[in-house]
>>> print(open('final.txt').read())   # compact mmCIF, C-alpha atoms
# COMPACT_ATOMS: atom_id res chain seq x y z
CA MET A 1290 -23.36 70.65 -58.89
CA ALA A 1291 -26.96 70.55 -57.70
CA GLU A 1292 -28.23 71.02 -61.28
CA TYR A 1293 -26.98 67.52 -62.11
CA ASP A 1294 -28.36 65.83 -58.99
CA LEU A 1295 -30.91 63.14 -59.85
CA SER A 1296 -32.16 62.39 -56.33
CA ASN A 1297 -35.48 64.15 -56.83
CA LYS A 1298 -36.25 62.18 -60.00
CA ILE A 1299 -35.12 58.86 -58.53
CA ILE A 1300 -36.88 59.19 -55.15
CA GLY A 1301 -40.18 59.60 -56.99
CA HIS A 1302 -39.79 55.97 -58.15
CA LEU A 1303 -38.73 54.49 -54.80
CA ASP A 1304 -40.41 53.21 -51.67
CA ARG A 1305 -39.97 55.73 -48.85
CA HIS A 1306 -37.64 53.38 -46.95
CA LEU A 1307 -35.33 53.13 -49.98
CA ALA A 1308 -35.29 56.93 -50.15
CA PHE A 1309 -33.73 57.27 -46.68
CA PRO A 1310 -30.20 56.26 -47.81
CA LEU A 1311 -30.31 58.83 -50.63
CA LEU A 1312 -31.37 61.60 -48.26
CA ALA A 1313 -28.70 60.55 -45.75
CA HIS A 1314 -26.14 60.86 -48.55
CA LEU A 1315 -27.43 64.33 -49.48
CA SER A 1316 -27.23 65.40 -45.84
CA GLU A 1317 -23.47 64.72 -45.95
CA SER A 1318 -22.99 66.76 -49.12
CA ASP A 1319 -23.24 70.48 -49.77
CA LEU A 1320 -25.68 70.21 -52.68
CA TYR A 1321 -28.70 71.45 -50.72
CA PRO A 1322 -29.28 73.39 -47.47
CA ALA A 1323 -29.24 71.06 -44.46
CA HIS A 1324 -32.69 72.26 -43.31
CA GLU A 1325 -34.31 71.25 -46.61
CA ILE A 1326 -32.90 67.73 -46.31
CA GLN A 1327 -34.07 67.42 -42.71
CA VAL A 1328 -37.60 68.49 -43.69
CA ALA A 1329 -37.63 65.86 -46.44
CA GLN A 1330 -36.37 63.19 -44.01
CA TYR A 1331 -39.06 64.12 -41.49
CA GLU A 1332 -41.84 64.03 -44.09
CA LEU A 1333 -40.76 60.54 -45.12
CA ALA A 1334 -40.22 59.23 -41.61
CA LYS A 1335 -43.56 60.39 -40.19
CA GLY A 1336 -45.34 58.16 -42.72
CA THR A 1337 -43.72 55.04 -41.22
CA ASN A 1338 -43.91 53.28 -37.86
CA MET A 1339 -40.33 54.35 -37.03
CA PHE A 1340 -41.59 56.84 -34.46
CA ASP A 1341 -38.32 57.54 -32.65
CA TYR A 1342 -36.65 58.19 -36.00
CA ALA A 1343 -39.42 60.60 -36.99
CA VAL A 1344 -39.25 62.40 -33.63
CA SER A 1345 -35.49 62.91 -34.02
CA PHE A 1346 -36.08 64.75 -37.29
CA PHE A 1347 -39.03 66.71 -35.87
CA GLU A 1348 -36.74 68.06 -33.15
CA LYS A 1349 -34.20 69.14 -35.77
CA VAL A 1350 -36.77 70.78 -38.04
CA TYR A 1351 -38.82 72.39 -35.24
CA PRO A 1352 -36.32 72.82 -32.37
CA ASN A 1353 -38.56 75.22 -30.42
CA GLU A 1354 -41.79 73.19 -30.63
CA GLN A 1355 -43.21 70.42 -28.47
CA VAL A 1356 -43.24 66.95 -30.00
CA PRO A 1357 -46.88 66.19 -31.03
CA ALA A 1358 -48.71 63.79 -28.72
CA GLU A 1359 -49.86 61.80 -31.75
CA PHE A 1360 -46.45 60.13 -31.96
CA ASP A 1361 -46.90 58.55 -28.50
CA GLN A 1362 -50.47 57.56 -29.34
CA ARG A 1363 -49.45 55.95 -32.63
CA LYS A 1364 -46.54 54.21 -30.91
CA GLU A 1365 -48.85 52.64 -28.29
CA SER A 1366 -51.23 51.53 -31.03
CA ALA A 1367 -48.37 50.06 -33.05
CA VAL A 1368 -47.13 48.03 -30.05
CA SER A 1369 -50.53 46.39 -29.56
CA THR A 1370 -50.91 45.82 -33.31
CA HIS A 1371 -47.46 44.23 -33.42
CA GLN A 1372 -48.34 41.79 -30.66
CA ARG A 1373 -51.61 40.78 -32.33
CA LEU A 1374 -50.07 40.31 -35.79
CA GLN A 1375 -47.12 38.40 -34.36
CA ASN A 1376 -49.43 35.93 -32.60
CA GLU A 1377 -51.43 35.37 -35.81
CA ALA A 1378 -48.30 34.88 -37.92
CA GLN A 1379 -46.56 32.70 -35.36
CA ALA A 1380 -49.49 30.28 -35.33
CA VAL A 1381 -48.96 29.71 -39.07
CA LEU A 1382 -45.17 29.49 -38.74
CA ASP A 1383 -45.46 26.84 -36.04
CA VAL A 1384 -47.36 24.68 -38.52
CA ILE A 1385 -45.19 25.14 -41.62
CA GLU A 1386 -41.94 24.77 -39.66
CA ASN A 1387 -43.09 21.39 -38.37
CA PRO A 1388 -40.71 18.78 -39.98
CA ASP A 1389 -43.65 16.54 -40.94
CA VAL A 1390 -45.40 19.42 -42.71
CA ALA A 1391 -42.21 20.52 -44.46
CA GLN A 1392 -41.80 17.01 -45.92
CA ALA A 1393 -45.44 16.85 -47.01
CA LEU A 1394 -45.44 20.15 -48.94
CA ARG A 1395 -45.04 19.99 -52.72
CA GLN A 1396 -44.52 22.38 -55.64
CA ASP A 1397 -48.26 22.68 -56.25
CA LYS A 1398 -49.51 25.54 -54.06
CA ASN A 1399 -53.17 24.55 -54.34
CA GLN A 1400 -52.34 21.04 -53.18
CA ASN A 1401 -50.36 22.47 -50.25
CA LEU A 1402 -53.25 24.73 -49.22
CA GLN A 1403 -55.66 21.80 -49.29
CA TYR A 1404 -53.26 19.70 -47.20
CA LEU A 1405 -52.85 22.48 -44.60
CA LYS A 1406 -56.59 23.05 -44.44
CA ASP A 1407 -57.47 19.36 -44.07
CA ASN A 1408 -54.81 18.54 -41.50
CA TYR A 1409 -54.17 21.77 -39.59
CA ASN A 1410 -57.16 23.98 -40.40
CA VAL A 1411 -54.81 26.59 -41.95
CA THR A 1412 -56.51 28.55 -44.74
CA LEU A 1413 -55.34 31.20 -47.22
CA GLU A 1414 -56.65 33.79 -44.78
CA HIS A 1415 -54.32 32.48 -42.09
CA ILE A 1416 -51.37 32.46 -44.51
CA THR A 1417 -52.09 36.11 -45.38
CA ALA A 1418 -51.20 36.87 -41.75
CA LEU A 1419 -47.57 36.22 -42.72
CA TYR A 1420 -47.81 38.94 -45.38
CA THR A 1421 -49.53 41.38 -43.02
CA PHE A 1422 -46.97 40.91 -40.26
CA GLY A 1423 -44.05 41.05 -42.71
CA LYS A 1424 -45.36 44.33 -44.12
CA PHE A 1425 -45.82 45.69 -40.59
CA GLN A 1426 -42.25 44.75 -39.63
CA TYR A 1427 -41.01 46.53 -42.74
CA SER A 1428 -42.91 49.66 -41.72
CA TYR A 1429 -40.92 50.01 -38.50
CA GLY A 1430 -37.54 49.12 -39.99
CA ASN A 1431 -37.10 45.43 -39.15
CA TYR A 1432 -36.11 44.59 -42.71
CA SER A 1433 -34.52 41.21 -42.00
CA GLY A 1434 -37.64 39.96 -40.21
CA ALA A 1435 -39.85 41.37 -42.95
CA ALA A 1436 -37.88 39.49 -45.62
CA ASP A 1437 -38.33 36.18 -43.77
CA TYR A 1438 -42.10 36.50 -43.32
CA LEU A 1439 -42.68 37.72 -46.87
CA TYR A 1440 -40.66 34.78 -48.20
CA HIS A 1441 -42.73 32.22 -46.24
CA PHE A 1442 -45.92 33.90 -47.41
CA ARG A 1443 -44.89 33.84 -51.05
CA VAL A 1444 -44.00 30.14 -50.92
CA LEU A 1445 -47.54 29.24 -49.86
CA SER A 1446 -49.84 31.95 -51.22
CA THR A 1447 -51.86 31.65 -54.43
CA ASP A 1448 -52.89 35.32 -54.42
CA ASN A 1449 -50.99 36.73 -57.45
CA ASP A 1450 -51.39 40.40 -56.50
CA LEU A 1451 -50.18 39.90 -52.93
CA ASN A 1452 -47.36 37.68 -54.20
CA ILE A 1453 -46.06 40.48 -56.43
CA SER A 1454 -46.38 42.93 -53.53
CA ALA A 1455 -44.41 40.48 -51.37
CA HIS A 1456 -41.75 40.31 -54.12
CA TRP A 1457 -41.32 44.08 -54.01
CA GLY A 1458 -41.23 44.08 -50.21
CA LYS A 1459 -38.65 41.33 -50.00
CA LEU A 1460 -36.47 42.99 -52.65
CA ALA A 1461 -36.54 46.27 -50.72
CA SER A 1462 -35.77 44.42 -47.46
CA ASP A 1463 -32.80 42.58 -48.96
CA ILE A 1464 -31.48 45.86 -50.42
CA LEU A 1465 -31.76 47.69 -47.09
CA VAL A 1466 -30.07 44.81 -45.23
CA GLY A 1467 -27.32 44.68 -47.87
CA ARG A 1468 -27.72 41.03 -48.90
CA TRP A 1469 -26.72 41.64 -52.50
CA ASP A 1470 -26.59 38.06 -53.78
CA ILE A 1471 -30.09 37.38 -52.48
CA ALA A 1472 -31.28 40.79 -53.69
CA LEU A 1473 -30.01 39.96 -57.18
CA GLU A 1474 -31.95 36.69 -57.20
CA GLU A 1475 -35.05 38.53 -56.02
CA LEU A 1476 -34.55 41.23 -58.67
CA ASN A 1477 -34.29 38.64 -61.45
CA SER A 1478 -37.35 36.78 -60.18
CA LEU A 1479 -39.41 39.98 -59.99
CA ARG A 1480 -38.22 41.05 -63.42
CA GLU A 1481 -39.49 37.81 -64.96
CA LEU A 1482 -42.92 38.41 -63.42
CA ILE A 1483 -43.06 42.01 -64.61
CA ASP A 1484 -41.81 41.21 -68.11
CA SER A 1485 -44.54 38.59 -68.54
CA ARG A 1486 -47.16 41.26 -67.83
CA SER A 1487 -45.31 44.10 -69.64
CA PRO A 1488 -46.51 47.11 -67.58
CA LEU A 1489 -44.34 50.17 -68.32
CA HIS A 1490 -44.98 51.65 -64.88
CA SER A 1491 -43.66 48.57 -63.04
CA ARG A 1492 -40.60 48.27 -65.29
CA THR A 1493 -39.80 51.94 -64.65
CA TRP A 1494 -39.87 51.38 -60.92
CA LEU A 1495 -37.81 48.19 -61.26
CA VAL A 1496 -35.14 50.07 -63.23
CA HIS A 1497 -34.72 52.53 -60.35
CA TRP A 1498 -34.73 49.87 -57.62
CA SER A 1499 -32.21 47.79 -59.56
CA LEU A 1500 -29.60 50.57 -59.27
CA PHE A 1501 -29.07 49.61 -55.61
CA VAL A 1502 -28.26 46.03 -56.63
CA TYR A 1503 -26.27 46.71 -59.80
CA PHE A 1504 -23.93 49.20 -58.13
CA ASN A 1505 -23.28 47.03 -55.08
CA HIS A 1506 -23.11 43.48 -56.45
CA PRO A 1507 -19.63 42.48 -57.74
CA GLN A 1508 -21.02 41.64 -61.20
CA GLY A 1509 -23.58 44.41 -61.13
CA ARG A 1510 -22.21 46.73 -63.81
CA THR A 1511 -22.04 43.94 -66.39
CA LEU A 1512 -25.53 42.76 -65.45
CA LEU A 1513 -26.84 46.32 -65.74
CA LEU A 1514 -25.59 46.52 -69.31
CA GLU A 1515 -27.18 43.18 -70.16
CA THR A 1516 -30.53 44.32 -68.76
CA PHE A 1517 -30.70 47.99 -69.72
CA LEU A 1518 -29.49 47.43 -73.29
CA SER A 1519 -32.14 44.79 -73.94
CA PRO A 1520 -34.89 46.22 -76.19
CA ILE A 1521 -37.70 46.15 -73.61
CA TYR A 1522 -35.74 48.00 -70.92
CA LEU A 1523 -34.01 50.37 -73.31
CA ASN A 1524 -37.46 51.36 -74.54
CA THR A 1525 -38.55 51.89 -70.92
CA ILE A 1526 -35.58 54.17 -70.25
CA GLN A 1527 -36.08 56.18 -73.42
CA THR A 1528 -39.81 56.55 -72.80
CA ALA A 1529 -40.14 57.05 -69.04
CA CYS A 1530 -36.78 57.77 -67.39
CA PRO A 1531 -34.05 59.08 -69.74
CA TRP A 1532 -31.95 60.21 -66.75
CA ILE A 1533 -31.03 56.53 -66.24
CA LEU A 1534 -28.68 57.08 -69.22
CA ARG A 1535 -26.17 58.40 -66.69
CA TYR A 1536 -25.96 54.99 -65.04
CA LEU A 1537 -25.99 53.13 -68.33
CA THR A 1538 -23.10 55.31 -69.52
CA ALA A 1539 -21.20 54.93 -66.24
CA ALA A 1540 -21.63 51.14 -66.33
CA ALA A 1541 -20.34 51.01 -69.91
CA ILE A 1542 -17.24 52.98 -68.93
CA LEU A 1543 -16.72 50.98 -65.73
CA SER A 1544 -17.05 47.68 -67.64
CA ARG A 1545 -14.27 48.57 -70.09
CA LYS A 1546 -11.88 46.06 -68.50
CA ALA A 1547 -14.54 43.35 -68.34
CA SER A 1548 -15.23 43.79 -72.03
CA VAL A 1549 -11.68 42.73 -72.86
CA SER A 1550 -12.09 39.32 -71.23
CA GLY A 1551 -14.74 36.72 -71.91
CA SER A 1552 -18.09 38.48 -71.82
CA SER A 1553 -21.19 38.74 -73.95
CA SER A 1554 -21.29 40.59 -77.26
CA ARG A 1555 -23.57 43.21 -75.71
CA VAL A 1556 -21.01 44.05 -73.01
CA ARG A 1557 -18.06 44.03 -75.46
CA HIS A 1558 -19.82 46.56 -77.69
CA ALA A 1559 -21.50 48.49 -74.87
CA ILE A 1560 -19.63 51.74 -75.49
CA ARG A 1561 -20.62 51.76 -79.16
CA GLU A 1562 -24.29 51.07 -78.36
CA VAL A 1563 -24.41 53.63 -75.57
CA VAL A 1564 -22.90 56.34 -77.77
CA LYS A 1565 -25.69 55.80 -80.33
CA ILE A 1566 -28.31 56.02 -77.59
CA ILE A 1567 -26.76 59.22 -76.20
CA GLN A 1568 -26.97 60.77 -79.67
CA MET A 1569 -30.63 59.82 -80.04
CA GLU A 1570 -31.69 60.94 -76.55
CA GLU A 1571 -29.60 64.11 -76.27
CA TYR A 1572 -32.71 66.21 -76.93
CA GLN A 1573 -34.28 65.08 -73.64
CA TYR A 1574 -31.32 64.27 -71.38
CA SER A 1575 -27.60 64.97 -71.09
CA ASP A 1576 -25.09 65.56 -68.32
CA PRO A 1577 -21.26 65.63 -68.08
CA VAL A 1578 -21.10 61.81 -67.92
CA THR A 1579 -23.01 61.33 -71.18
CA ASN A 1580 -21.42 64.40 -72.76
CA PHE A 1581 -17.97 62.92 -72.16
CA LEU A 1582 -18.69 59.98 -74.46
CA LYS A 1583 -20.42 62.20 -76.99
CA GLU A 1584 -17.46 64.60 -77.25
CA LEU A 1585 -15.01 61.71 -77.42
CA TYR A 1586 -16.71 59.41 -79.93
CA VAL A 1587 -19.09 61.64 -81.89
CA GLU A 1588 -17.35 65.00 -82.05
CA PHE A 1589 -13.79 63.65 -81.58
CA ASP A 1590 -13.16 66.86 -79.62
CA PHE A 1591 -10.52 65.88 -77.08
CA GLU A 1592 -10.41 69.28 -75.41
CA SER A 1593 -14.16 69.25 -74.82
CA ALA A 1594 -13.96 65.63 -73.66
CA GLN A 1595 -11.28 66.68 -71.17
CA LYS A 1596 -13.53 69.46 -69.81
CA GLU A 1597 -16.55 67.15 -69.59
CA LEU A 1598 -14.46 64.55 -67.77
CA GLY A 1599 -13.50 67.17 -65.20
CA LYS A 1600 -17.19 67.94 -64.62
CA ALA A 1601 -18.09 64.23 -64.68
CA GLU A 1602 -15.58 63.59 -61.90
CA VAL A 1603 -17.55 65.93 -59.64
CA VAL A 1604 -20.93 64.53 -60.75
CA VAL A 1605 -19.83 60.94 -60.12
CA GLY A 1606 -18.42 61.89 -56.70
CA ASP A 1607 -21.75 63.47 -55.72
CA ASP A 1608 -23.98 60.67 -57.05
CA PHE A 1609 -25.26 58.21 -54.42
CA PHE A 1610 -25.04 55.14 -56.64
CA ILE A 1611 -21.68 55.64 -58.38
CA GLN A 1612 -19.71 57.69 -55.84
CA ASN A 1613 -17.67 54.66 -54.76
CA PHE A 1614 -16.52 54.09 -58.35
CA ARG A 1615 -15.05 57.56 -58.84
CA GLU A 1616 -11.40 56.49 -59.18
CA GLU A 1617 -12.27 53.46 -61.31
CA PHE A 1618 -14.45 55.67 -63.52
CA LEU A 1619 -11.60 58.14 -64.04
CA ASP A 1620 -9.10 55.40 -64.79
CA ASN A 1621 -11.37 53.81 -67.40
CA ALA A 1622 -12.30 57.19 -68.90
CA ARG A 1623 -8.61 58.03 -69.31
CA TYR A 1624 -8.10 54.71 -71.00
CA LEU A 1625 -10.86 55.52 -73.49
CA ILE A 1626 -9.29 58.92 -74.22
CA SER A 1627 -5.86 57.34 -74.69
CA GLU A 1628 -7.24 54.61 -76.93
CA ALA A 1629 -9.18 57.06 -79.12
CA TYR A 1630 -6.24 59.49 -79.30
CA CYS A 1631 -3.77 56.78 -80.25
CA ARG A 1632 -6.16 55.43 -82.84
CA ILE A 1633 -6.12 58.65 -84.91
CA HIS A 1634 -2.49 59.73 -84.36
CA GLN A 1635 0.79 58.14 -85.35
CA LYS A 1636 3.05 60.42 -83.33
CA ILE A 1637 1.87 61.53 -79.90
CA ASP A 1638 3.41 64.04 -77.55
CA ILE A 1639 3.22 62.53 -74.04
CA GLY A 1640 2.87 65.95 -72.44
CA ASP A 1641 -0.06 66.86 -74.69
CA LEU A 1642 -1.81 63.55 -74.00
CA SER A 1643 -1.23 64.06 -70.25
CA ASP A 1644 -3.02 67.39 -70.46
CA ARG A 1645 -5.97 65.75 -72.17
CA LEU A 1646 -6.10 63.18 -69.37
CA ASN A 1647 -6.18 65.92 -66.69
CA LEU A 1648 -2.85 64.64 -65.33
CA SER A 1649 0.45 66.34 -64.56
CA ARG A 1650 3.37 65.60 -66.89
CA ASP A 1651 4.98 63.12 -64.46
CA GLU A 1652 1.68 61.40 -63.62
CA GLY A 1653 0.76 61.31 -67.31
CA GLU A 1654 4.07 59.75 -68.32
CA LYS A 1655 3.74 56.98 -65.71
CA TYR A 1656 0.10 56.39 -66.62
CA ILE A 1657 0.75 56.16 -70.37
CA VAL A 1658 3.77 53.87 -69.98
CA ASN A 1659 1.78 51.51 -67.73
CA LEU A 1660 -1.20 51.67 -70.07
CA ILE A 1661 0.87 50.64 -73.09
CA ARG A 1662 2.46 47.80 -71.14
CA GLU A 1663 -0.86 46.44 -69.87
CA THR A 1664 -2.98 46.71 -73.01
CA ARG A 1665 -2.97 45.59 -76.61
CA MET A 1666 -1.69 49.05 -77.63
CA GLY A 1667 1.76 47.84 -76.61
CA ALA A 1668 2.10 45.80 -79.81
CA ASP A 1669 1.76 48.91 -81.97
CA ALA A 1670 3.40 51.57 -79.77
CA LYS A 1671 7.02 52.52 -79.14
CA ILE A 1672 7.99 55.14 -76.56
CA ASP A 1673 10.81 57.61 -77.24
CA LEU A 1674 11.54 59.05 -73.77
CA GLU A 1675 14.28 61.34 -75.10
CA LYS A 1676 11.83 63.20 -77.35
CA ASN A 1677 8.94 62.45 -74.97
CA VAL A 1678 6.77 61.04 -77.77
CA ILE A 1679 4.97 57.81 -78.64
CA HIS A 1680 5.19 56.34 -82.14
CA ILE A 1681 2.18 54.31 -83.25
CA SER A 1682 2.67 51.93 -86.17
CA ARG A 1683 -0.25 49.83 -87.26
CA PRO A 1684 -0.95 47.92 -90.48
CA ALA A 1685 -3.39 49.46 -92.89
CA LEU A 1686 -6.92 48.06 -92.81
CA PRO A 1687 -7.98 45.86 -95.72
CA VAL A 1688 -10.28 47.58 -98.20
CA TYR A 1689 -13.33 45.54 -97.18
CA GLN A 1690 -12.76 46.44 -93.49
CA THR A 1691 -12.54 50.11 -94.41
CA VAL A 1692 -15.88 49.87 -96.21
CA ILE A 1693 -17.43 48.16 -93.18
CA GLU A 1694 -16.18 50.89 -90.82
CA LYS A 1695 -17.43 53.70 -93.03
CA THR A 1696 -20.89 52.20 -93.50
CA ARG A 1697 -21.34 50.97 -89.91
CA GLY A 1698 -23.73 53.78 -88.96
CA LEU A 1699 -25.60 53.86 -92.25
CA SER A 1700 -28.60 51.86 -91.04
CA LEU A 1701 -28.94 54.03 -87.93
CA ARG A 1702 -28.84 57.26 -89.96
CA THR A 1703 -31.33 55.81 -92.48
CA GLN A 1704 -33.70 54.87 -89.66
CA ALA A 1705 -33.43 58.34 -88.10
CA LEU A 1706 -34.10 59.96 -91.50
CA GLY A 1707 -37.12 57.70 -92.09
CA THR A 1708 -38.53 58.54 -88.64
CA ALA A 1709 -38.10 62.27 -89.27
CA MET A 1710 -39.81 62.03 -92.66
CA ALA A 1711 -42.67 59.96 -91.21
CA GLY A 1712 -43.14 62.50 -88.44
CA ARG A 1713 -43.38 65.31 -90.98
CA THR A 1714 -45.79 63.32 -93.15
CA ASN A 1715 -48.10 62.62 -90.20
CA ALA A 1716 -48.01 66.20 -88.93
CA PRO A 1717 -51.24 68.29 -89.13
CA PRO A 1718 -51.64 70.26 -92.39
CA GLN A 1719 -51.02 73.55 -90.61
CA GLN A 1720 -47.65 72.35 -89.30
CA GLN A 1721 -46.72 71.00 -92.75
CA ALA A 1722 -47.46 74.42 -94.25
CA VAL A 1723 -45.26 76.11 -91.64
CA ALA A 1724 -42.46 73.60 -92.29
CA ALA A 1725 -42.74 74.20 -96.04
CA GLN A 1726 -42.35 77.96 -95.54
>>> encode(input="final.txt", output="structure tokens")
Amino acid sequence: MAEYDLSNKIIGHLDRHLAFPLLAHLSESDLYPAHEIQVAQYELAKGTNMFDYAVSFFEKVYPNEQVPAEFDQRKESAVSTHQRLQNEAQAVLDVIENPDVAQALRQDKNQNLQYLKDNYNVTLEHITALYTFGKFQYSYGNYSGAADYLYHFRVLSTDNDLNISAHWGKLASDILVGRWDIALEELNSLRELIDSRSPLHSRTWLVHWSLFVYFNHPQGRTLLLETFLSPIYLNTIQTACPWILRYLTAAAILSRKASVSGSSSRVRHAIREVVKIIQMEEYQYSDPVTNFLKELYVEFDFESAQKELGKAEVVVGDDFFIQNFREEFLDNARYLISEAYCRIHQKIDIGDLSDRLNLSRDEGEKYIVNLIRETRMGADAKIDLEKNVIHISRPALPVYQTVIEKTRGLSLRTQALGTAMAGRTNAPPQQQAVAAQ
């Protein structure tokens, strides 16, 4: 389903090195012609110092052409540049790795710079050599080395702009090396810096970079919900990148089990919040993953939800970030269908529910029996295997609870109505006249 592929939108908000894994994933799928992917990989690679990598793609894209001589020339230049930058950076490292210096350094960066200048003639210019060499190492794919040099630079530097650049570089390096615990710490640290300055552009990029961390760290899905549902980042998603709703929706579905145990209020009510957001943003983004929740919780159309889940299974399997959660996604989605179906029925045909879960009768029966045993539905449900039905008996809600449930969405609908009326009031006179007609 190439029409639901988000790679093109996401790559536009990534560093070129972070884009390589996405293109490698696309090269293994059938979403696009192989030649188009190879051209994209070559165009990205030739802008780096990974010359052998770029040449390998050039030979695939242009099999009958000679490799340009510029690659050898650039490679020779890069070797000499590497040696020069390494010598400059090593001179600084030799000083700061000295045990006496390490003990003398303090939290105050200005005090540290003065100490290094007075005792070892190391200035801010010399320290910047760590940044320059770290950035150069990153350019030719030595991500682990780049992370180390950028870290040392950031500890000592007082240049705020270069420090933020070093933050981005170290985060990308940790992601590409796969050090997810460290990458999460780096992500949180960078987020604090960006939030204090409040630039929409930087937050948009951070949202896209964070997908690597949130869908690889063990606690990532829960942390994604905490971050993306916060007002500042939800506003960023709605304003600049509504396609991120796919990952917000997927995380809410994947965190269904976590929401049962001890977790924050935001995570426990994630599905409810996400459904409201899907309704509001449907005019600018939707896909089978978001449509599944809409059909299930807004339309209460179980047949449509079943169809959307079938499409969502393919979309999730093709998506770089959530492909490894395909089975878990399906299991949690089936739970949501079962829960919603049991909530509005008192007598349920197991065969019919199996169909709505996209399962065979035997698979559906086993799944439903296990589901009732493992969840709180077991207290209200009794299975009649002879008639192949489930009987749901639950106490009636108190009157006050009924009122609460019926008026839960009143404030949201009132806000939407007020926004619509304000928009019409502020419209140009010509548009108001058209609307009146």
>>> closest_residue(input="final.txt", among="A:Ala1529, A:Tyr1438, A:Ser1643, A:Glu1628", to="Ser1491 (chain A)", atoms="only C-alpha atoms")
A:Ala1529
>>> residues_around(input="final.txt", residues="region 1607-1612 of chain A", least_positions_apart="6", cutoff="7 Å", atoms="only C-alpha atoms", output="PyMOL selection string")
chain A and resi 1311+1314+1500-1501+1504
>>> closest_residue(input="final.txt", among="A:Ile1633, A:Leu1333, A:Leu1445, A:Ile1453", to="Arg1395 (chain A)", atoms="all atoms listed in the file")
A:Leu1445
>>> residues_around(input="final.txt", residues="Tyr1440 (chain A)", least_positions_apart="3", cutoff="12 Å", atoms="all atoms listed in the file", output="PyMOL selection string")
chain A and resi 1382+1416-1417+1419-1420+1422-1424+1433-1437+1443-1446+1451-1460+1462-1463+1471+1475
>>> atom_distance(input="final.txt", atom1="CA of Tyr1586 (chain A)", atom2="CA of Tyr1630 (chain A)")
10.5 Å
>>> residues_around(input="final.txt", residues="Val1564 (chain A)", least_positions_apart="6", cutoff="9 Å", atoms="all atoms listed in the file", output="PyMOL selection string")
chain A and resi 1538+1579+1582-1583+1586-1587
>>> write_last_selection(input="final.txt", atoms="C-alpha atoms", output="short mmCIF file (atom, residue, chain, number, x, y, z; two decimals), in the frame of the given file")
data_model
loop_
_atom_site.label_atom_id
_atom_site.label_comp_id
_atom_site.auth_asym_id
_atom_site.auth_seq_id
_atom_site.Cartn_x
_atom_site.Cartn_y
_atom_site.Cartn_z
CA THR A 1538 -23.10 55.31 -69.52
CA THR A 1579 -23.01 61.33 -71.18
CA LEU A 1582 -18.69 59.98 -74.46
CA LYS A 1583 -20.42 62.20 -76.99
CA TYR A 1586 -16.71 59.41 -79.93
CA VAL A 1587 -19.09 61.64 -81.89
#
>>> atom_distance(input="final.txt", atom1="CA of Tyr1656 (chain A)", atom2="CA of Phe1581 (chain A)")
20.0 Å
>>> atom_distance(input="final.txt", atom1="CA of Arg1492 (chain A)", atom2="CA of Gln1568 (chain A)")
23.4 Å
>>> residues_around(input="final.txt", residues="Leu1476 (chain A)", least_positions_apart="2", cutoff="9 Å", atoms="only C-alpha atoms", output="list in words")
His1456, Trp1457, Leu1460, Ile1471, Ala1472, Leu1473, Glu1474, Ser1478, Leu1479, Arg1480, Glu1481, Leu1495, Trp1498, Ser1499 and Val1502 of chain A
>>> write_last_selection(input="final.txt", atoms="C-alpha atoms", output="PDB file, keeping the file's coordinate frame")
ATOM      1  CA  HIS A1456     -41.750  40.310 -54.120  1.00  0.00           C
ATOM      2  CA  TRP A1457     -41.320  44.080 -54.010  1.00  0.00           C
ATOM      3  CA  LEU A1460     -36.470  42.990 -52.650  1.00  0.00           C
ATOM      4  CA  ILE A1471     -30.090  37.380 -52.480  1.00  0.00           C
ATOM      5  CA  ALA A1472     -31.280  40.790 -53.690  1.00  0.00           C
ATOM      6  CA  LEU A1473     -30.010  39.960 -57.180  1.00  0.00           C
ATOM      7  CA  GLU A1474     -31.950  36.690 -57.200  1.00  0.00           C
ATOM      8  CA  SER A1478     -37.350  36.780 -60.180  1.00  0.00           C
ATOM      9  CA  LEU A1479     -39.410  39.980 -59.990  1.00  0.00           C
ATOM     10  CA  ARG A1480     -38.220  41.050 -63.420  1.00  0.00           C
ATOM     11  CA  GLU A1481     -39.490  37.810 -64.960  1.00  0.00           C
ATOM     12  CA  LEU A1495     -37.810  48.190 -61.260  1.00  0.00           C
ATOM     13  CA  TRP A1498     -34.730  49.870 -57.620  1.00  0.00           C
ATOM     14  CA  SER A1499     -32.210  47.790 -59.560  1.00  0.00           C
ATOM     15  CA  VAL A1502     -28.260  46.030 -56.630  1.00  0.00           C
TER      16      VAL A1502
END
>>> closest_residue(input="final.txt", among="A:Lys1600, A:His1497, A:His1371, A:Arg1510", to="Lys1298 (chain A)", atoms="all atoms listed in the file")
A:His1497
>>> residues_around(input="final.txt", residues="Ile1639 (chain A)", least_positions_apart="4", cutoff="9 Å", atoms="all atoms listed in the file", output="mmCIF file with C-alpha atoms, keeping the file's coordinate frame")
data_model
loop_
_atom_site.group_PDB
_atom_site.id
_atom_site.type_symbol
_atom_site.label_atom_id
_atom_site.label_comp_id
_atom_site.auth_asym_id
_atom_site.auth_seq_id
_atom_site.Cartn_x
_atom_site.Cartn_y
_atom_site.Cartn_z
ATOM 1 C CA SER A 1643 -1.230 64.060 -70.250
ATOM 2 C CA ASP A 1644 -3.020 67.390 -70.460
ATOM 3 C CA ARG A 1650 3.370 65.600 -66.890
ATOM 4 C CA GLY A 1653 0.760 61.310 -67.310
ATOM 5 C CA GLU A 1654 4.070 59.750 -68.320
ATOM 6 C CA ILE A 1657 0.750 56.160 -70.370
ATOM 7 C CA ASN A 1677 8.940 62.450 -74.970
ATOM 8 C CA VAL A 1678 6.770 61.040 -77.770
ATOM 9 C CA ILE A 1679 4.970 57.810 -78.640
#
>>> decode(input="final.txt", residues="region 1458-1462 of chain A", atoms="C-alpha atoms", output="compact mmCIF listing (two decimals), in the first residue's frame")
# COMPACT_ATOMS: atom_id res chain seq x y z
CA GLY A 1458 24.67 14.98 16.35
CA LYS A 1459 25.08 12.86 19.45
CA LEU A 1460 21.39 11.88 19.42
CA ALA A 1461 21.67 10.78 15.79
CA SER A 1462 24.89 8.87 16.56
